[in-house]
$ cat upload.txt   # compact mmCIF, C-alpha atoms
# COMPACT_ATOMS: atom_id res chain seq x y z
CA MET A 1 0.07 -16.72 4.37
CA ALA A 2 -2.68 -17.25 6.92
CA ASP A 3 -2.51 -13.64 8.16
CA GLY A 4 -2.99 -12.19 4.65
CA GLU A 5 0.04 -9.90 4.82
CA GLN A 6 1.86 -11.46 1.86
CA THR A 7 -1.26 -11.10 -0.28
CA ALA A 8 -1.67 -7.45 0.77
CA PHE A 9 2.03 -6.78 0.06
CA ASN A 10 1.66 -8.14 -3.48
CA MET A 11 -1.66 -6.43 -4.17
CA VAL A 12 -0.37 -3.01 -3.04
CA SER A 13 2.39 -3.43 -5.63
CA GLY A 14 -0.27 -3.87 -8.30
CA PHE A 15 -1.72 -0.45 -7.57
CA MET A 16 1.45 1.26 -8.74
CA GLY A 17 0.95 0.22 -12.35
CA ALA A 18 -1.10 -2.29 -14.26
CA MET A 19 -2.63 -4.73 -11.80
CA TYR A 20 -2.39 -8.34 -12.81
CA LEU A 21 -3.27 -11.56 -11.07
CA SER A 22 -1.32 -14.76 -11.46
CA GLY A 23 -0.82 -17.98 -9.59
CA ARG A 24 -3.24 -20.53 -8.30
CA LEU A 25 -5.94 -18.29 -6.85
CA GLU A 26 -8.33 -21.23 -6.57
CA PHE A 27 -6.17 -22.51 -3.71
CA ALA A 28 -6.37 -19.28 -1.72
CA ASP A 29 -8.14 -19.50 1.61
CA GLU A 30 -11.15 -17.29 2.31
CA LYS A 31 -9.15 -14.50 3.98
CA ASN A 32 -6.59 -14.18 1.18
CA LEU A 33 -9.19 -14.47 -1.56
CA SER A 34 -11.19 -11.67 0.07
CA LEU A 35 -8.02 -9.51 0.08
CA VAL A 36 -7.57 -10.14 -3.65
CA LYS A 37 -11.21 -9.29 -4.36
CA GLN A 38 -11.01 -6.15 -2.24
CA ALA A 39 -7.87 -5.03 -4.11
CA VAL A 40 -9.44 -5.62 -7.53
CA GLU A 41 -12.57 -3.64 -6.60
CA CYS A 42 -10.48 -0.83 -5.16
CA TYR A 43 -8.24 -0.79 -8.24
CA LYS A 44 -11.30 -0.48 -10.49
CA GLN A 45 -12.32 2.63 -8.53
CA TYR A 46 -8.85 4.19 -8.94
CA LYS A 47 -8.07 3.00 -12.49
CA GLY A 48 -8.82 6.40 -14.06
CA PHE A 49 -6.82 8.14 -11.35
CA VAL A 50 -3.83 5.83 -11.92
CA LYS A 51 -3.98 6.30 -15.69
CA GLY A 52 -3.54 10.08 -15.38
CA ALA A 53 -1.04 10.02 -12.50
CA SER A 54 2.70 10.58 -12.29
CA PRO A 55 5.06 8.81 -9.87
CA VAL A 56 6.34 10.62 -6.79
CA TYR A 57 8.78 9.56 -4.10
CA PRO A 58 7.73 11.51 -0.97
CA LEU A 59 10.79 10.35 0.98
CA GLY A 60 13.20 10.20 -1.96
CA PHE A 61 14.38 7.21 -3.95
CA THR A 62 14.87 3.90 -2.18
CA ASN A 63 17.86 1.62 -2.61
CA TYR A 64 16.07 -1.55 -3.68
CA SER A 65 19.24 -3.64 -3.33
CA GLN A 66 18.91 -3.35 0.45
CA LYS A 67 17.02 -6.32 1.82
CA ASP A 68 15.12 -4.36 4.45
CA GLY A 69 13.78 -0.90 4.98
CA ASN A 70 10.66 0.92 3.95
CA VAL A 71 9.64 1.95 0.46
CA VAL A 72 7.20 4.81 -0.15
CA LEU A 73 5.94 5.43 -3.67
CA GLY A 74 2.98 7.48 -4.77
CA LEU A 75 0.99 8.19 -7.90
CA LYS A 76 0.11 11.89 -7.98
CA ASN A 77 -2.88 13.29 -9.85
CA GLY A 78 -3.64 16.90 -9.00
CA ASP A 79 -3.33 17.40 -5.24
CA ARG A 80 -4.13 13.74 -4.50
CA VAL A 81 -1.64 10.91 -4.15
CA LEU A 82 -2.31 7.20 -4.12
CA LEU A 83 0.42 6.29 -1.63
CA SER A 84 1.96 2.84 -1.24
CA VAL A 85 4.00 2.11 1.85
CA TRP A 86 5.94 -1.16 1.96
CA HIS A 87 7.80 -2.48 4.97
CA ARG A 88 10.52 -5.02 4.17
CA GLY A 89 12.04 -5.19 7.65
CA GLY A 90 14.24 -2.97 9.80
CA GLU A 91 12.84 0.40 10.89
CA THR A 92 9.18 -0.14 11.75
CA GLN A 93 7.88 3.45 11.44
CA VAL A 94 7.45 5.63 8.40
CA THR A 95 6.41 9.29 8.50
CA ILE A 96 5.08 11.05 5.40
CA PRO A 97 3.90 14.67 5.07
CA ALA A 98 0.20 14.97 4.13
CA LYS A 99 -2.76 17.33 4.45
CA GLN A 100 -5.45 14.63 4.56
CA VAL A 101 -5.31 10.85 4.84
CA LYS A 102 -7.73 8.10 3.87
CA PRO A 103 -6.80 4.39 4.26
CA ILE A 104 -7.60 2.55 1.02
CA TYR A 105 -6.28 -1.01 1.23
CA PRO A 106 -6.38 -3.47 2.92
CA LEU A 107 -9.41 -2.54 4.96
CA ASN A 108 -9.81 -5.87 6.73
CA LEU A 109 -6.27 -6.12 8.13
CA GLN A 110 -5.10 -4.09 11.10
CA THR A 111 -3.28 -0.94 10.05
CA ASN A 112 -1.36 0.97 12.67
CA TYR A 113 -1.33 4.56 11.52
CA GLN A 114 -1.83 8.02 12.97
CA PHE A 115 -2.41 11.34 11.28
CA SER A 116 -1.69 14.58 13.08
CA ASN A 117 0.04 17.90 12.50
CA GLY A 118 0.30 17.30 8.76
CA LYS A 119 2.07 13.96 9.08
CA LEU A 120 0.99 10.41 8.41
CA MET A 121 2.84 7.92 10.59
CA VAL A 122 2.54 4.24 9.68
CA GLU A 123 3.91 1.58 12.02
CA PHE A 124 4.50 -2.04 11.06
CA ASP A 125 4.85 -4.98 13.41
CA LYS A 126 6.49 -7.54 11.09
CA PRO A 127 8.43 -7.62 7.84
CA TYR A 128 6.75 -7.73 4.44
CA GLN A 129 3.68 -5.68 5.13
CA ALA A 130 2.24 -2.99 2.86
CA ARG A 131 -0.57 -0.47 3.06
CA LEU A 132 -2.22 1.87 0.60
CA PHE A 133 -3.55 5.35 1.40
CA GLU A 134 -5.02 8.27 -0.47
CA ILE A 135 -3.47 11.49 0.74
CA LYS A 136 -3.75 15.13 -0.17
CA ILE A 137 -0.57 17.14 -0.41

$ encode --input "upload.txt" --output "structure tokens"
Amino acid sequence: MADGEQTAFNMVSGFMGAMYLSGRLEFADEKNLSLVKQAVECYKQYKGFVKGASPVYPLGFTNYSQKDGNVVLGLKNGDRVLLSVWHRGGETQVTIPAKQVKPIYPLNLQTNYQFSNGKLMVEFDKPYQARLFEIKI
């Protein structure tokens, strides 16, 4: 867990519903604890947005029984979407249509993404990574 990716993966999941924290957080190293704190602060900012949002699947439903692949789930409120992108292994690139893109979480881990011509492309370099964006559709 030294690279923080497992923590980010779990925290991104919390954005898609009611965030909760469990486990032995007092044993987290400085990097992982900062990722948890960053996620909680970010979630507080988006709590009202999440409460009034509806789920969307920009790339269609995902077969969760597959052990690898990418999962893209958003919470839509008006023309804005809080977009979670999880990489479980396999294909390393995900492309999602969008009008505007803002990276939300994690801000202190490298995120390989590009936005051009109305498309957000996220590229992952190892399994079990996740990123959170705010996009306009």

$ residues_around --input "upload.txt" --residues "Met19 (chain A)" --least-positions-apart "5" --cutoff "12 Å" --atoms "only C-alpha atoms" --output "ChimeraX atom specification"
/A:10-14,36,39-44,46-47,50-51

$ closest_residue --input "upload.txt" --among "A:Asn108, A:Gln38, A:Thr92, A:Ser116" --to "Asp68 (chain A)" --atoms "all atoms listed in the file"
A:Thr92

$ residues_around --input "upload.txt" --residues "Lys99 (chain A)" --least-positions-apart "4" --cutoff "9 Å" --atoms "all atoms listed in the file" --output "PyMOL selection string"
chain A and resi 117-120+135-137

$ atom_distance --input "upload.txt" --atom1 "CA of Pro97 (chain A)" --atom2 "CA of Pro58 (chain A)"
7.8 Å

$ closest_residue --input "upload.txt" --among "A:Arg80, A:Asn63, A:Leu73, A:Ala130" --to "Gly17 (chain A)" --atoms "only C-alpha atoms"
A:Leu73

$ closest_residue --input "upload.txt" --among "A:Asn112, A:Trp86, A:Ser54, A:Gln66" --to "Gln6 (chain A)" --atoms "all atoms listed in the file"
A:Trp86

$ residues_around --input "upload.txt" --residues "Ala2 (chain A)" --least-positions-apart "5" --cutoff "8 Å" --atoms "all atoms listed in the file" --output "PDB file with C-alpha atoms, keeping the file's coordinate frame"
ATOM      1  CA  ASP A  29      -8.140 -19.500   1.610  1.00  0.00           C
ATOM      2  CA  LYS A  31      -9.150 -14.500   3.980  1.00  0.00           C
ATOM      3  CA  ASN A  32      -6.590 -14.180   1.180  1.00  0.00           C
TER       4      ASN A  32
END

$ closest_residue --input "upload.txt" --among "A:Gly23, A:Pro103, A:Pro55, A:Pro127" --to "Gly89 (chain A)" --atoms "all atoms listed in the file"
A:Pro127

$ closest_residue --input "upload.txt" --among "A:Val72, A:Glu123, A:Leu107, A:Phe115" --to "Glu91 (chain A)" --atoms "only C-alpha atoms"
A:Glu123

$ residues_around --input "upload.txt" --residues "Ala8 (chain A)" --least-positions-apart "6" --cutoff "8 Å" --atoms "all atoms listed in the file" --output "VMD selection string"
chain A and resid 35 to 36 105 to 106 129 to 131

$ residues_around --input "upload.txt" --residues "Phe49 (chain A)" --least-positions-apart "4" --cutoff "9 Å" --atoms "only C-alpha atoms" --output "VMD selection string"
chain A and resid 45 53 75 to 77 82

$ decode --input "upload.txt" --residues "region 103-115 of chain A" --atoms "N, CA, C and O atoms" --output "CSV table (one decimal), in the first residue's frame"
chain,number,residue,atom,x,y,z
A,103,PRO,N,-10.1,17.1,-12.8
A,103,PRO,CA,-9.7,16.0,-11.9
A,103,PRO,C,-10.1,16.4,-10.5
A,103,PRO,O,-9.9,17.5,-10.1
A,104,ILE,N,-10.6,15.5,-9.7
A,104,ILE,CA,-11.1,15.7,-8.4
A,104,ILE,C,-10.3,15.0,-7.3
A,104,ILE,O,-9.9,15.5,-6.3
A,105,TYR,N,-10.0,13.7,-7.6
A,105,TYR,CA,-9.4,12.9,-6.5
A,105,TYR,C,-8.7,11.7,-7.2
A,105,TYR,O,-9.3,11.1,-8.1
A,106,PRO,N,-7.6,11.3,-6.7
A,106,PRO,CA,-6.7,11.9,-5.8
A,106,PRO,C,-5.8,12.9,-6.5
A,106,PRO,O,-5.4,12.7,-7.6
A,107,LEU,N,-5.5,14.0,-5.8
A,107,LEU,CA,-4.8,15.1,-6.4
A,107,LEU,C,-3.3,14.9,-6.2
A,107,LEU,O,-2.5,15.5,-6.9
A,108,ASN,N,-2.9,14.1,-5.3
A,108,ASN,CA,-1.4,13.9,-5.0
A,108,ASN,C,-0.9,12.6,-5.5
A,108,ASN,O,0.2,12.2,-5.1
A,109,LEU,N,-1.6,11.9,-6.4
A,109,LEU,CA,-1.1,10.7,-7.1
A,109,LEU,C,-1.1,11.1,-8.6
A,109,LEU,O,-2.0,11.8,-9.0
A,110,GLN,N,-0.1,10.5,-9.3
A,110,GLN,CA,-0.1,10.8,-10.7
A,110,GLN,C,-1.3,10.2,-11.4
A,110,GLN,O,-1.7,9.1,-11.2
A,111,THR,N,-1.9,11.1,-12.2
A,111,THR,CA,-3.1,10.6,-13.0
A,111,THR,C,-2.8,10.9,-14.5
A,111,THR,O,-2.5,12.0,-14.9
A,112,ASN,N,-2.7,9.8,-15.3
A,112,ASN,CA,-2.5,10.0,-16.7
A,112,ASN,C,-3.8,10.1,-17.4
A,112,ASN,O,-4.5,9.1,-17.6
A,113,TYR,N,-4.1,11.3,-17.8
A,113,TYR,CA,-5.3,11.6,-18.5
A,113,TYR,C,-5.1,12.7,-19.5
A,113,TYR,O,-4.2,13.5,-19.4
A,114,GLN,N,-5.9,12.7,-20.6
A,114,GLN,CA,-5.9,13.7,-21.6
A,114,GLN,C,-7.4,14.1,-21.9
A,114,GLN,O,-8.2,13.2,-21.9
A,115,PHE,N,-7.6,15.3,-22.2
A,115,PHE,CA,-8.9,15.7,-22.7
A,115,PHE,C,-8.8,16.5,-24.0
A,115,PHE,O,-8.1,17.5,-24.0
